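What follows is work-v1.txt (compact mmCIF, C-alpha atoms and all ligand atoms).
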# COMPACT_ATOMS: atom_id res chain seq x y z
CA MET O 1005 43.01 -30.98 -63.77
CA ILE O 1006 41.11 -27.73 -64.02
CA VAL O 1007 42.78 -24.60 -62.68
CA GLY O 1008 42.13 -20.88 -62.88
CA ALA O 1009 44.68 -19.17 -65.13
CA GLN O 1010 43.89 -15.62 -63.95
CA TRP O 1011 42.61 -14.14 -60.65
CA GLY O 1012 39.75 -16.57 -60.14
CA ASP O 1013 36.14 -16.39 -61.39
CA GLU O 1014 37.18 -17.65 -64.83
CA GLY O 1015 34.24 -20.04 -65.14
CA LYS O 1016 35.91 -23.20 -63.85
CA GLY O 1017 32.59 -24.43 -62.44
CA LYS O 1018 31.02 -24.75 -65.86
CA VAL O 1019 33.98 -26.64 -67.31
CA VAL O 1020 34.15 -28.97 -64.30
CA ASP O 1021 30.42 -29.52 -64.56
CA LEU O 1022 30.72 -30.57 -68.20
CA LEU O 1023 33.71 -32.84 -67.60
CA ALA O 1024 32.12 -34.29 -64.47
CA GLU O 1025 29.30 -35.69 -66.57
CA ARG O 1026 31.76 -38.05 -68.20
CA GLY O 1027 34.15 -38.20 -65.21
CA ASP O 1028 34.10 -40.95 -62.63
CA ALA O 1029 35.04 -38.70 -59.71
CA VAL O 1030 35.48 -35.00 -59.01
CA ILE O 1031 37.89 -33.81 -56.35
CA ARG O 1032 38.30 -30.30 -54.99
CA PHE O 1033 41.81 -29.77 -53.71
CA GLN O 1034 42.22 -26.31 -52.10
CA GLY O 1035 40.53 -23.12 -50.99
CA GLY O 1036 37.30 -22.92 -49.08
CA ASN O 1037 34.07 -21.01 -49.23
CA ASN O 1038 35.93 -17.98 -50.52
CA ALA O 1039 35.15 -19.64 -53.86
CA GLY O 1040 31.81 -19.64 -55.57
CA HIS O 1041 30.70 -21.64 -58.58
CA THR O 1042 27.51 -20.98 -60.44
CA ILE O 1043 25.99 -23.81 -62.45
CA VAL O 1044 23.04 -23.19 -64.73
CA ARG O 1045 20.79 -26.17 -65.45
CA GLY O 1046 17.91 -25.10 -67.66
CA ASP O 1047 15.91 -22.73 -65.49
CA GLU O 1048 17.71 -23.73 -62.34
CA VAL O 1049 20.73 -21.93 -60.96
CA PHE O 1050 22.95 -23.67 -58.41
CA LYS O 1051 25.61 -21.84 -56.44
CA PHE O 1052 28.29 -23.89 -54.74
CA HIS O 1053 30.96 -22.72 -52.37
CA LEU O 1054 32.40 -25.99 -51.11
CA ILE O 1055 30.72 -28.96 -52.71
CA PRO O 1056 32.23 -29.97 -56.08
CA SER O 1057 30.03 -29.10 -59.04
CA GLY O 1058 29.77 -32.78 -60.04
CA ILE O 1059 27.28 -33.38 -57.24
CA LEU O 1060 24.42 -32.76 -59.67
CA TYR O 1061 25.14 -36.18 -61.26
CA PRO O 1062 23.45 -38.70 -58.95
CA GLY O 1063 25.85 -40.92 -57.06
CA LYS O 1064 28.99 -39.47 -58.69
CA PRO O 1065 31.88 -39.54 -56.20
CA CYS O 1066 32.48 -35.90 -55.29
CA VAL O 1067 35.31 -35.30 -52.91
CA VAL O 1068 36.25 -32.33 -50.75
CA GLY O 1069 39.96 -33.06 -50.47
CA ASN O 1070 42.36 -32.69 -47.56
CA GLY O 1071 43.70 -29.43 -49.02
CA VAL O 1072 40.35 -27.66 -48.67
CA VAL O 1073 39.46 -25.60 -45.61
CA VAL O 1074 35.89 -26.31 -44.56
CA ASP O 1075 33.50 -24.02 -42.74
CA PRO O 1076 31.11 -26.67 -41.40
CA ARG O 1077 28.30 -24.15 -41.06
CA VAL O 1078 28.51 -23.35 -44.76
CA LEU O 1079 28.92 -26.98 -45.73
CA THR O 1080 25.92 -28.18 -43.73
CA ASP O 1081 23.83 -25.31 -45.16
CA GLU O 1082 24.90 -26.29 -48.66
CA ILE O 1083 24.02 -29.93 -47.99
CA ASP O 1084 20.61 -28.96 -46.59
CA GLY O 1085 19.92 -26.67 -49.56
CA LEU O 1086 20.76 -29.40 -52.06
CA ARG O 1087 18.68 -31.96 -50.15
CA ARG O 1088 15.71 -29.63 -50.23
CA ARG O 1089 16.04 -29.46 -54.00
CA GLY O 1090 16.10 -33.23 -54.18
CA VAL O 1091 19.78 -33.59 -55.14
CA ASP O 1092 21.24 -37.04 -54.41
CA LEU O 1093 24.21 -36.57 -52.08
CA SER O 1094 25.24 -40.20 -51.79
CA GLY O 1095 28.49 -39.54 -53.69
CA LEU O 1096 29.71 -36.79 -51.39
CA ARG O 1097 32.88 -37.50 -49.38
CA ILE O 1098 34.83 -35.07 -47.23
CA SER O 1099 38.40 -35.71 -46.21
CA ALA O 1100 38.85 -36.42 -42.51
CA ASN O 1101 42.09 -34.44 -42.83
CA ALA O 1102 40.49 -31.26 -44.17
CA HIS O 1103 40.95 -28.36 -41.78
CA LEU O 1104 37.98 -26.60 -40.26
CA ILE O 1105 37.33 -22.89 -40.27
CA MET O 1106 36.56 -21.95 -36.68
CA PRO O 1107 34.66 -18.90 -35.38
CA TYR O 1108 37.95 -17.29 -34.32
CA HIS O 1109 39.26 -17.58 -37.88
CA LEU O 1110 36.38 -15.43 -39.11
CA LEU O 1111 37.04 -12.82 -36.43
CA LEU O 1112 40.79 -12.86 -37.09
CA ASP O 1113 40.20 -12.35 -40.81
CA GLN O 1114 38.04 -9.30 -40.10
CA ALA O 1115 40.42 -7.95 -37.47
CA GLY O 1116 43.42 -8.45 -39.78
CA GLU O 1117 41.78 -6.53 -42.61
CA ALA O 1118 40.62 -3.74 -40.28
CA LYS O 1119 44.15 -3.39 -38.96
CA LEU O 1120 45.58 -3.08 -42.47
CA GLY O 1121 43.15 -0.23 -43.21
CA LYS O 1122 43.88 1.26 -46.62
CA ARG O 1123 46.43 -1.50 -47.27
CA GLU O 1124 43.83 -4.25 -46.86
CA ILE O 1125 43.97 -7.34 -49.10
CA GLY O 1126 40.24 -7.27 -49.75
CA THR O 1127 39.76 -10.83 -48.51
CA THR O 1128 36.39 -12.51 -48.63
CA LYS O 1129 36.44 -12.41 -44.78
CA ARG O 1130 35.56 -16.09 -44.65
CA GLY O 1131 38.46 -16.96 -42.32
CA ILE O 1132 40.51 -18.62 -45.04
CA GLY O 1133 43.90 -17.05 -44.24
CA PRO O 1134 43.78 -17.62 -40.46
CA CYS O 1135 42.66 -21.23 -40.99
CA TYR O 1136 45.56 -22.02 -43.32
CA ALA O 1137 47.87 -20.19 -40.90
CA ASP O 1138 46.76 -22.51 -38.08
CA LYS O 1139 47.26 -25.50 -40.36
CA ALA O 1140 50.86 -24.44 -40.99
CA SER O 1141 51.35 -23.72 -37.27
CA ARG O 1142 50.06 -27.21 -36.48
CA LEU O 1143 47.25 -25.71 -34.46
CA GLY O 1144 44.48 -26.59 -36.89
CA ILE O 1145 41.30 -28.46 -36.11
CA ARG O 1146 40.63 -31.18 -38.65
CA LEU O 1147 37.31 -32.73 -39.52
CA GLN O 1148 38.28 -35.96 -37.76
CA ASP O 1149 38.69 -33.98 -34.52
CA VAL O 1150 35.02 -33.11 -34.30
CA LEU O 1151 34.15 -36.74 -33.75
CA ASP O 1152 35.82 -36.77 -30.31
CA GLU O 1153 34.78 -34.30 -27.64
CA LYS O 1154 37.91 -34.56 -25.49
CA ILE O 1155 40.32 -34.11 -28.39
CA LEU O 1156 38.24 -31.28 -29.82
CA LYS O 1157 38.24 -29.33 -26.55
CA GLN O 1158 41.97 -29.78 -26.09
CA LYS O 1159 42.74 -28.67 -29.61
CA ILE O 1160 40.48 -25.62 -29.50
CA THR O 1161 42.09 -24.55 -26.23
CA ALA O 1162 45.57 -24.94 -27.70
CA ALA O 1163 44.60 -23.07 -30.88
CA MET O 1164 43.03 -20.17 -28.98
CA GLU O 1165 45.93 -19.68 -26.58
CA PRO O 1166 48.37 -17.80 -28.88
CA LYS O 1167 45.51 -15.69 -30.26
CA ARG O 1168 44.41 -14.23 -26.95
CA GLN O 1169 46.13 -10.92 -27.49
CA THR O 1170 44.68 -10.36 -30.97
CA LEU O 1171 41.24 -11.58 -29.97
CA ARG O 1172 41.09 -9.47 -26.80
CA GLU O 1173 38.46 -7.13 -28.17
CA TYR O 1174 36.25 -10.18 -28.91
CA GLU O 1175 36.82 -11.72 -25.46
CA LYS O 1176 33.13 -11.72 -24.64
CA HIS O 1177 32.01 -12.71 -28.13
CA PRO O 1178 29.52 -15.58 -27.72
CA ALA O 1179 31.05 -17.46 -30.66
CA LEU O 1180 34.34 -17.75 -28.77
CA ASP O 1181 32.95 -19.45 -25.69
CA LEU O 1182 34.78 -22.80 -25.43
CA HIS O 1183 31.71 -24.73 -24.38
CA THR O 1184 29.46 -23.33 -27.11
CA MET O 1185 32.12 -23.81 -29.75
CA THR O 1186 32.74 -27.42 -28.73
CA GLU O 1187 29.01 -28.20 -28.68
CA ASP O 1188 28.44 -26.55 -32.07
CA TYR O 1189 31.34 -28.34 -33.71
CA LEU O 1190 30.41 -31.72 -32.21
CA ALA O 1191 26.95 -31.18 -33.66
CA PHE O 1192 28.47 -30.40 -37.07
CA GLY O 1193 30.60 -33.54 -36.73
CA HIS O 1194 27.50 -35.55 -36.04
CA ARG O 1195 25.72 -34.16 -39.09
CA LEU O 1196 28.69 -34.62 -41.39
CA GLU O 1197 29.78 -38.01 -40.10
CA THR O 1198 28.31 -40.03 -42.96
CA TYR O 1199 30.33 -38.02 -45.46
CA ILE O 1200 33.69 -38.05 -43.63
CA ALA O 1201 36.16 -40.41 -45.29
CA ASP O 1202 39.76 -41.26 -46.04
CA THR O 1203 39.58 -39.69 -49.49
CA PRO O 1204 42.87 -40.31 -51.37
CA PRO O 1205 42.01 -44.03 -51.88
CA ILE O 1206 38.92 -42.93 -53.82
CA ALA O 1207 41.20 -41.18 -56.31
CA TRP O 1208 43.79 -43.99 -56.35
CA LYS O 1209 41.19 -46.62 -57.15
CA ALA O 1210 39.60 -44.61 -59.94
CA LEU O 1211 43.01 -43.76 -61.44
CA GLU O 1212 44.21 -47.37 -61.23
CA GLU O 1213 41.11 -48.43 -63.12
CA GLY O 1214 41.91 -45.90 -65.84
CA LYS O 1215 38.88 -43.80 -65.04
CA LEU O 1216 38.53 -40.07 -65.55
CA VAL O 1217 39.15 -38.11 -62.38
CA VAL O 1218 38.53 -34.38 -62.53
CA PHE O 1219 40.51 -32.22 -60.11
CA GLU O 1220 38.69 -28.99 -59.45
CA GLY O 1221 40.75 -25.94 -58.51
CA ALA O 1222 39.43 -22.82 -56.83
CA GLN O 1223 40.60 -19.20 -57.26
CA GLY O 1224 43.39 -18.74 -59.83
CA THR O 1225 47.10 -18.80 -60.54
CA LEU O 1226 47.65 -15.12 -59.78
CA LEU O 1227 46.03 -15.55 -56.36
CA ASP O 1228 48.48 -18.36 -55.50
CA ILE O 1229 50.30 -17.73 -52.23
CA ASP O 1230 53.65 -18.67 -53.82
CA HIS O 1231 53.25 -17.70 -57.45
CA GLY O 1232 50.61 -14.97 -57.36
CA THR O 1233 50.74 -11.26 -56.66
CA TYR O 1234 51.74 -11.64 -52.99
CA PRO O 1235 50.56 -10.34 -50.56
CA PHE O 1236 47.38 -9.71 -52.57
CA VAL O 1237 46.66 -13.41 -52.84
CA THR O 1238 44.69 -16.12 -51.13
CA SER O 1239 46.31 -18.38 -48.54
CA SER O 1240 46.42 -21.60 -50.55
CA ASN O 1241 47.99 -22.78 -53.80
CA PRO O 1242 45.48 -22.72 -56.66
CA VAL O 1243 48.18 -23.89 -59.12
CA ALA O 1244 48.12 -27.36 -60.63
CA GLY O 1245 50.93 -28.80 -58.49
CA SER O 1246 48.79 -28.28 -55.45
CA ALA O 1247 46.13 -30.67 -56.71
CA CYS O 1248 48.43 -33.57 -55.94
CA VAL O 1249 48.99 -32.37 -52.38
CA GLY O 1250 45.39 -31.38 -51.77
CA ALA O 1251 43.96 -34.63 -53.11
CA GLY O 1252 46.70 -37.10 -52.19
CA VAL O 1253 47.80 -38.31 -55.63
CA GLY O 1254 51.18 -38.22 -57.39
CA PRO O 1255 51.98 -35.97 -60.37
CA SER O 1256 52.52 -38.99 -62.62
CA SER O 1257 48.75 -39.65 -62.47
CA ILE O 1258 47.89 -36.45 -64.31
CA ASP O 1259 47.33 -36.48 -68.09
CA GLU O 1260 45.82 -33.10 -68.80
CA VAL O 1261 46.07 -29.72 -67.10
CA TRP O 1262 43.64 -27.14 -68.45
CA GLY O 1263 43.80 -23.50 -67.45
CA ILE O 1264 40.58 -21.53 -67.59
CA SER O 1265 40.69 -17.91 -68.71
CA LYS O 1266 38.06 -15.39 -69.58
CA ALA O 1267 38.36 -13.68 -72.95
CA TYR O 1268 39.24 -10.60 -70.86
CA CYS O 1269 40.43 -10.14 -67.28
CA THR O 1270 38.80 -9.56 -63.92
CA ARG O 1271 40.00 -9.28 -60.35
CA VAL O 1272 38.17 -8.97 -57.01
CA GLY O 1273 39.92 -7.36 -54.08
CA ALA O 1274 43.07 -5.28 -54.05
CA GLY O 1275 46.40 -5.81 -55.81
CA PRO O 1276 48.17 -5.20 -59.12
CA PHE O 1277 46.22 -5.53 -62.36
CA PRO O 1278 48.30 -4.29 -65.32
CA THR O 1279 45.50 -4.31 -67.90
CA GLU O 1280 42.79 -2.83 -65.68
CA LEU O 1281 40.35 -0.46 -67.37
CA HIS O 1282 39.12 2.53 -65.38
CA ASP O 1283 37.00 3.91 -68.20
CA ASP O 1284 33.68 3.28 -69.96
CA MET O 1285 35.08 0.15 -71.56
CA GLY O 1286 35.74 -1.35 -68.12
CA ALA O 1287 32.19 -0.49 -67.08
CA ARG O 1288 30.83 -1.94 -70.31
CA ILE O 1289 32.63 -5.27 -69.81
CA GLN O 1290 31.53 -5.38 -66.18
CA LYS O 1291 27.90 -4.90 -67.19
CA ALA O 1292 27.94 -7.21 -70.21
CA GLY O 1293 29.77 -9.93 -68.28
CA GLY O 1294 27.73 -9.58 -65.09
CA GLU O 1295 30.99 -9.18 -63.23
CA PHE O 1296 29.88 -9.28 -59.63
CA GLY O 1297 31.25 -11.82 -57.14
CA THR O 1298 29.34 -15.06 -56.48
CA THR O 1299 30.55 -15.12 -52.89
CA THR O 1300 30.60 -11.51 -51.74
CA GLY O 1301 28.62 -9.72 -54.46
CA ARG O 1302 31.49 -7.25 -54.86
CA PRO O 1303 31.88 -5.67 -58.32
CA ARG O 1304 34.86 -7.18 -60.13
CA ARG O 1305 37.56 -4.95 -61.57
CA CYS O 1306 37.72 -5.48 -65.35
CA GLY O 1307 40.44 -5.18 -67.95
CA TRP O 1308 41.78 -6.42 -71.28
CA LEU O 1309 43.12 -9.94 -71.73
CA ASP O 1310 46.60 -10.17 -70.25
CA LEU O 1311 48.76 -12.56 -72.26
CA VAL O 1312 51.88 -11.87 -70.18
CA ALA O 1313 50.09 -13.22 -67.11
CA LEU O 1314 48.60 -16.09 -69.11
CA ARG O 1315 52.00 -17.14 -70.49
CA TYR O 1316 53.14 -17.21 -66.89
CA ALA O 1317 50.13 -19.35 -65.94
CA VAL O 1318 51.00 -21.77 -68.75
CA LYS O 1319 54.43 -22.23 -67.20
CA VAL O 1320 53.62 -22.47 -63.50
CA ASN O 1321 50.78 -24.90 -64.09
CA GLY O 1322 52.31 -26.82 -66.98
CA LEU O 1323 49.11 -26.24 -68.94
CA THR O 1324 48.33 -28.63 -71.77
CA GLY O 1325 45.30 -26.66 -72.89
CA ILE O 1326 43.47 -23.41 -72.35
CA VAL O 1327 39.74 -22.87 -72.09
CA ILE O 1328 38.46 -19.43 -73.06
CA THR O 1329 35.21 -18.41 -71.38
CA LYS O 1330 32.77 -15.55 -71.91
CA LEU O 1331 33.92 -14.86 -75.46
CA ASP O 1332 30.35 -13.69 -76.20
CA VAL O 1333 30.77 -10.79 -73.75
CA LEU O 1334 33.20 -9.07 -76.14
CA ARG O 1335 30.63 -8.86 -78.95
CA GLY O 1336 30.28 -5.37 -80.38
CA VAL O 1337 33.58 -3.99 -79.12
CA GLU O 1338 35.00 -2.47 -82.28
CA THR O 1339 38.66 -2.79 -81.38
CA LEU O 1340 39.77 -5.40 -78.89
CA ARG O 1341 43.02 -4.95 -77.06
CA VAL O 1342 45.31 -7.53 -75.47
CA ALA O 1343 48.56 -7.12 -73.55
CA THR O 1344 51.50 -9.00 -75.03
CA ARG O 1345 54.08 -7.42 -72.73
CA TYR O 1346 54.28 -4.86 -69.93
CA THR O 1347 55.77 -1.40 -69.73
CA GLY O 1348 57.50 -1.00 -66.37
CA PRO O 1349 57.67 2.15 -64.23
CA ASP O 1350 60.80 3.47 -65.96
CA GLY O 1351 59.65 2.61 -69.47
CA ALA O 1352 61.43 -0.75 -69.63
CA LEU O 1353 59.52 -3.48 -71.48
CA PHE O 1354 58.80 -6.86 -69.89
CA ASP O 1355 58.00 -9.94 -71.97
CA ASP O 1356 57.80 -12.03 -68.81
CA PHE O 1357 55.70 -11.63 -65.70
CA PRO O 1358 57.85 -9.52 -63.33
CA TYR O 1359 58.66 -11.26 -60.06
CA HIS O 1360 59.32 -8.03 -58.19
CA GLN O 1361 56.36 -6.42 -56.45
CA SER O 1362 57.58 -2.84 -57.02
CA VAL O 1363 57.74 -3.44 -60.78
CA LEU O 1364 54.49 -5.35 -61.02
CA HIS O 1365 52.49 -2.78 -59.07
CA ARG O 1366 53.39 -0.09 -61.57
CA ALA O 1367 53.51 -2.14 -64.76
CA ARG O 1368 50.96 -1.41 -67.44
CA GLY O 1369 49.93 -3.67 -70.28
CA ASP O 1370 51.54 -2.89 -73.63
CA LEU O 1371 48.49 -3.39 -75.80
CA VAL O 1372 47.99 -4.77 -79.30
CA ASP O 1373 44.79 -3.96 -81.21
CA LEU O 1374 42.73 -6.75 -82.71
CA PRO O 1375 39.50 -6.37 -84.70
CA GLY O 1376 36.23 -7.11 -82.90
CA TRP O 1377 33.01 -8.63 -84.22
CA THR O 1378 29.34 -7.73 -84.13
CA ASP O 1379 27.70 -11.11 -84.81
CA ASP O 1380 25.90 -12.95 -82.04
CA ILE O 1381 28.15 -15.94 -81.28
CA THR O 1382 26.05 -17.56 -78.55
CA GLY O 1383 24.84 -20.21 -80.98
CA ALA O 1384 28.32 -21.24 -82.15
CA ARG O 1385 29.17 -24.86 -81.40
CA ARG O 1386 32.29 -25.24 -83.54
CA ILE O 1387 35.23 -22.90 -84.03
CA ASP O 1388 34.18 -22.63 -87.69
CA ASP O 1389 30.82 -21.18 -86.60
CA LEU O 1390 32.61 -18.13 -85.21
CA PRO O 1391 33.13 -14.94 -87.25
CA GLU O 1392 36.62 -14.50 -88.63
CA ALA O 1393 37.60 -11.85 -86.08
CA ALA O 1394 36.69 -14.15 -83.16
CA ARG O 1395 38.65 -17.01 -84.72
CA ASP O 1396 41.61 -14.69 -85.20
CA TYR O 1397 41.35 -13.58 -81.57
CA LEU O 1398 41.57 -17.21 -80.40
CA ALA O 1399 44.38 -17.98 -82.84
CA PHE O 1400 46.33 -15.00 -81.51
CA VAL O 1401 45.91 -16.32 -77.96
CA GLU O 1402 47.07 -19.79 -78.96
CA GLU O 1403 50.09 -18.43 -80.77
CA GLN O 1404 51.07 -16.25 -77.81
CA LEU O 1405 50.62 -19.04 -75.25
CA GLY O 1406 51.96 -21.97 -77.23
CA VAL O 1407 49.12 -24.24 -76.04
CA PRO O 1408 45.89 -25.12 -77.82
CA VAL O 1409 42.53 -23.57 -76.99
CA VAL O 1410 40.59 -26.71 -76.06
CA MET O 1411 37.16 -25.27 -75.30
CA VAL O 1412 35.41 -21.94 -75.78
CA SER O 1413 32.39 -20.83 -73.78
CA VAL O 1414 29.93 -18.61 -75.65
CA GLY O 1415 27.16 -18.23 -73.06
CA PRO O 1416 26.11 -19.30 -69.58
CA ASP O 1417 24.20 -22.47 -70.52
CA ARG O 1418 25.90 -25.85 -70.54
CA ASP O 1419 25.35 -26.33 -74.24
CA GLN O 1420 26.85 -22.92 -75.06
CA MET O 1421 30.30 -24.43 -75.35
CA ILE O 1422 32.60 -25.15 -78.25
CA TRP O 1423 34.47 -28.43 -77.84
CA THR O 1424 37.54 -28.55 -80.05
CA GLU O 1425 39.05 -31.79 -81.28
CA ALA O 1426 41.52 -31.80 -78.39
CA ALA O 1427 38.64 -31.71 -75.91
CA GLU O 1428 36.61 -34.38 -77.68
CA ARG O 1429 38.80 -37.01 -76.02
CA VAL O 1430 37.06 -36.32 -72.73
CA ARG O 1431 33.71 -35.32 -74.13
CA PRO O 1432 30.73 -36.66 -72.16
CA ALA O 1433 29.36 -39.72 -73.90
CA ALA O 1434 25.80 -38.40 -73.66
CA ALA O 1435 26.52 -35.01 -75.21
P1 LIG K 1 40.77 -14.77 -49.15
O1 LIG K 1 40.95 -15.96 -50.00
O2 LIG K 1 39.37 -14.60 -48.63
O3 LIG K 1 41.78 -14.69 -48.05
O4 LIG K 1 41.02 -13.45 -50.05
C1 LIG K 1 42.29 -13.16 -50.59
C2 LIG K 1 42.17 -12.59 -51.99
O5 LIG K 1 41.71 -13.60 -52.88
C3 LIG K 1 41.18 -11.44 -52.13
O6 LIG K 1 41.66 -10.54 -53.11
C4 LIG K 1 39.92 -12.12 -52.64
O7 LIG K 1 39.07 -11.24 -53.36
C5 LIG K 1 40.54 -13.17 -53.55
N1 LIG K 1 39.68 -14.34 -53.74
C6 LIG K 1 39.50 -15.36 -52.89
N2 LIG K 1 38.68 -16.28 -53.43
C7 LIG K 1 38.34 -15.84 -54.64
C8 LIG K 1 37.54 -16.39 -55.71
O8 LIG K 1 36.97 -17.48 -55.63
N3 LIG K 1 37.46 -15.62 -56.82
C9 LIG K 1 38.11 -14.43 -56.95
N4 LIG K 1 38.86 -13.91 -56.00
C10 LIG K 1 38.99 -14.60 -54.85

Any chance you could put this one into structure tokens?
Amino acid sequence: MIVGAQWGDEGKGKVVDLLAERGDAVIRFQGGNNAGHTIVRGDEVFKFHLIPSGILYPGKPCVVGNGVVVDPRVLTDEIDGLRRRGVDLSGLRISANAHLIMPYHLLLDQAGEAKLGKREIGTTKRGIGPCYADKASRLGIRLQDVLDEKILKQKITAAMEPKRQTLREYEKHPALDLHTMTEDYLAFGHRLETYIADTPPIAWKALEEGKLVVFEGAQGTLLDIDHGTYPFVTSSNPVAGSACVGAGVGPSSIDEVWGISKAYCTRVGAGPFPTELHDDMGARIQKAGGEFGTTTGRPRRCGWLDLVALRYAVKVNGLTGIVITKLDVLRGVETLRVATRYTGPDGALFDDFPYHQSVLHRARGDLVDLPGWTDDITGARRIDDLPEAARDYLAFVEEQLGVPVVMVSVGPDRDQMIWTEAAERVRPAAA
């Protein structure tokens, strides 16, 4: 199980891509096209928003699980784009129970943010929150519904009814016309039909046969609607427990839970960020790390590595390993800093992630200095290849978190990855 241990954008796509090579199935379990994964294959760059990264391995079962919210326009575009590039999509399966993002969800997301004004969440405006809200209200439209015109029309009518007031300013919006919407979504249903499936049995069968199933999370622990920095969160549960719900398997099936973390911290959108840098160092990390969103292109806020938040992520996810990405980005920073605890608004020190919003919003990282390195580490393939300061940095992280660093990414290419002994167990046979 691969989950984000920070605020998303940790580089999960690359790790999933590498594990998928050896894996027998890849299953995405939550989120929607608010996510974006970039996969580099030689000279080719692939960007995915919905389809699991494993799709680049011909015929590999790649599942969009029931916990994902699907914008069928985005999904069909993604399918068309991959087809044009000659990618074999025969392994793609989409849960019939996945909920669909409807045109009114997009408008509600925009309207909700506009109404909040300065207090906005900074959502990706992809309709994610309103879609999950409808799911919880039992007013959602699921993929199976677009295969039946009568049911679809009834459900859209029922879903629109309580939204009339909020959507009044969009009353005449062409996207909200019942007939157009029904026709469009029936057409999407028609195009997606071959991929629609009852997906949990795919996972059960693979697990029963002792195969490697990779569960691919989106966003990150601190964006979790229950455990993150609410209300500045997404509307799903990116934590590990949610993989079982969003894919339809029991927790006893899971052997490994790896949290992915950058060697520093980033966040897109509003909300607390105790180690945020507002100075030249923040700008330097942003530039060196290319920290601009895959989905919205927004610049990411940057800061030092936050070990208080990571210790919290270890607990809420039950992490068995941590993957550190983008270690190469820190090259040349003379003194690296990491937060091992927080200083609260009244000077009190916090070893643990504060649950209270008023504390968290004003907490600042209490930073420890660690020596940096100047050597180019992009060619390192073993921990021993790293300069002493980089090894010490990783050892400090391990000691603080109490879980092993299982992989370290030292560049964007697939081969720019250090596999430690712990990760060798699932290493792709061909690598
Ligand atoms: P939403 O998921 O579009 O509702 O946005 C809610 C919050 O989650 C905003 O702060 C977004 O910037 C953030 N968010 C959503 N998806 C991602 C992601 O894939 N990476 C980083 N941040 C994300």

Write as a JSON list (two decimals) with C-alpha atoms, keeping the file's coordinate frame the residues around ligand LIG 1 (chain K), taking 9 Å as the cut-off and counting only C-alpha atoms and all ligand atoms.
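Dumped everything to part-v8.json:
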[["chain", "number", "residue", "atom", "x", "y", "z"],
["O", 1011, "TRP", "CA", 42.61, -14.14, -60.65],
["O", 1012, "GLY", "CA", 39.75, -16.57, -60.14],
["O", 1013, "ASP", "CA", 36.14, -16.39, -61.39],
["O", 1014, "GLU", "CA", 37.18, -17.65, -64.83],
["O", 1035, "GLY", "CA", 40.53, -23.12, -50.99],
["O", 1036, "GLY", "CA", 37.30, -22.92, -49.08],
["O", 1037, "ASN", "CA", 34.07, -21.01, -49.23],
["O", 1038, "ASN", "CA", 35.93, -17.98, -50.52],
["O", 1039, "ALA", "CA", 35.15, -19.64, -53.86],
["O", 1040, "GLY", "CA", 31.81, -19.64, -55.57],
["O", 1041, "HIS", "CA", 30.70, -21.64, -58.58],
["O", 1053, "HIS", "CA", 30.96, -22.72, -52.37],
["O", 1113, "ASP", "CA", 40.20, -12.35, -40.81],
["O", 1125, "ILE", "CA", 43.97, -7.34, -49.10],
["O", 1126, "GLY", "CA", 40.24, -7.27, -49.75],
["O", 1127, "THR", "CA", 39.76, -10.83, -48.51],
["O", 1128, "THR", "CA", 36.39, -12.51, -48.63],
["O", 1129, "LYS", "CA", 36.44, -12.41, -44.78],
["O", 1130, "ARG", "CA", 35.56, -16.09, -44.65],
["O", 1131, "GLY", "CA", 38.46, -16.96, -42.32],
["O", 1132, "ILE", "CA", 40.51, -18.62, -45.04],
["O", 1133, "GLY", "CA", 43.90, -17.05, -44.24],
["O", 1134, "PRO", "CA", 43.78, -17.62, -40.46],
["O", 1222, "ALA", "CA", 39.43, -22.82, -56.83],
["O", 1223, "GLN", "CA", 40.60, -19.20, -57.26],
["O", 1224, "GLY", "CA", 43.39, -18.74, -59.83],
["O", 1227, "LEU", "CA", 46.03, -15.55, -56.36],
["O", 1228, "ASP", "CA", 48.48, -18.36, -55.50],
["O", 1235, "PRO", "CA", 50.56, -10.34, -50.56],
["O", 1236, "PHE", "CA", 47.38, -9.71, -52.57],
["O", 1237, "VAL", "CA", 46.66, -13.41, -52.84],
["O", 1238, "THR", "CA", 44.69, -16.12, -51.13],
["O", 1239, "SER", "CA", 46.31, -18.38, -48.54],
["O", 1240, "SER", "CA", 46.42, -21.60, -50.55],
["O", 1270, "THR", "CA", 38.80, -9.56, -63.92],
["O", 1271, "ARG", "CA", 40.00, -9.28, -60.35],
["O", 1272, "VAL", "CA", 38.17, -8.97, -57.01],
["O", 1273, "GLY", "CA", 39.92, -7.36, -54.08],
["O", 1274, "ALA", "CA", 43.07, -5.28, -54.05],
["O", 1275, "GLY", "CA", 46.40, -5.81, -55.81],
["O", 1297, "GLY", "CA", 31.25, -11.82, -57.14],
["O", 1298, "THR", "CA", 29.34, -15.06, -56.48],
["O", 1299, "THR", "CA", 30.55, -15.12, -52.89],
["O", 1300, "THR", "CA", 30.60, -11.51, -51.74],
["O", 1302, "ARG", "CA", 31.49, -7.25, -54.86],
["O", 1304, "ARG", "CA", 34.86, -7.18, -60.13]]

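In this comparison, which uses all atoms listed in the file, the residue of O:Leu1111, O:Ala1163, O:Val1318, O:Met1285 approaching Glu1175 in chain O most closely is O:Leu1111.
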
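Distance annotation: of O:Ala1244, O:Leu1405, O:Ile1006, O:Ala1251, the residue with the minimal separation from Leu1023 in chain O is O:Ile1006; atom set is only C-alpha atoms.
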
Practice task
Rounded to one decimal place, report the CA of Met1421 in chain O-CA of Ala1024 in chain O distance in Å.
Solution key: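 Calculated distance between CA of Met1421 in chain O and CA of Ala1024 in chain O is 14.8 Å.
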
Exercise for the section: Please measure the separation of CA of Gly1294 in chain O and CA of Ile1328 in chain O, giving the value in Å to one decimal. Expected result: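 CA of Ile1328 in chain O lies 16.6 Å from CA of Gly1294 in chain O.
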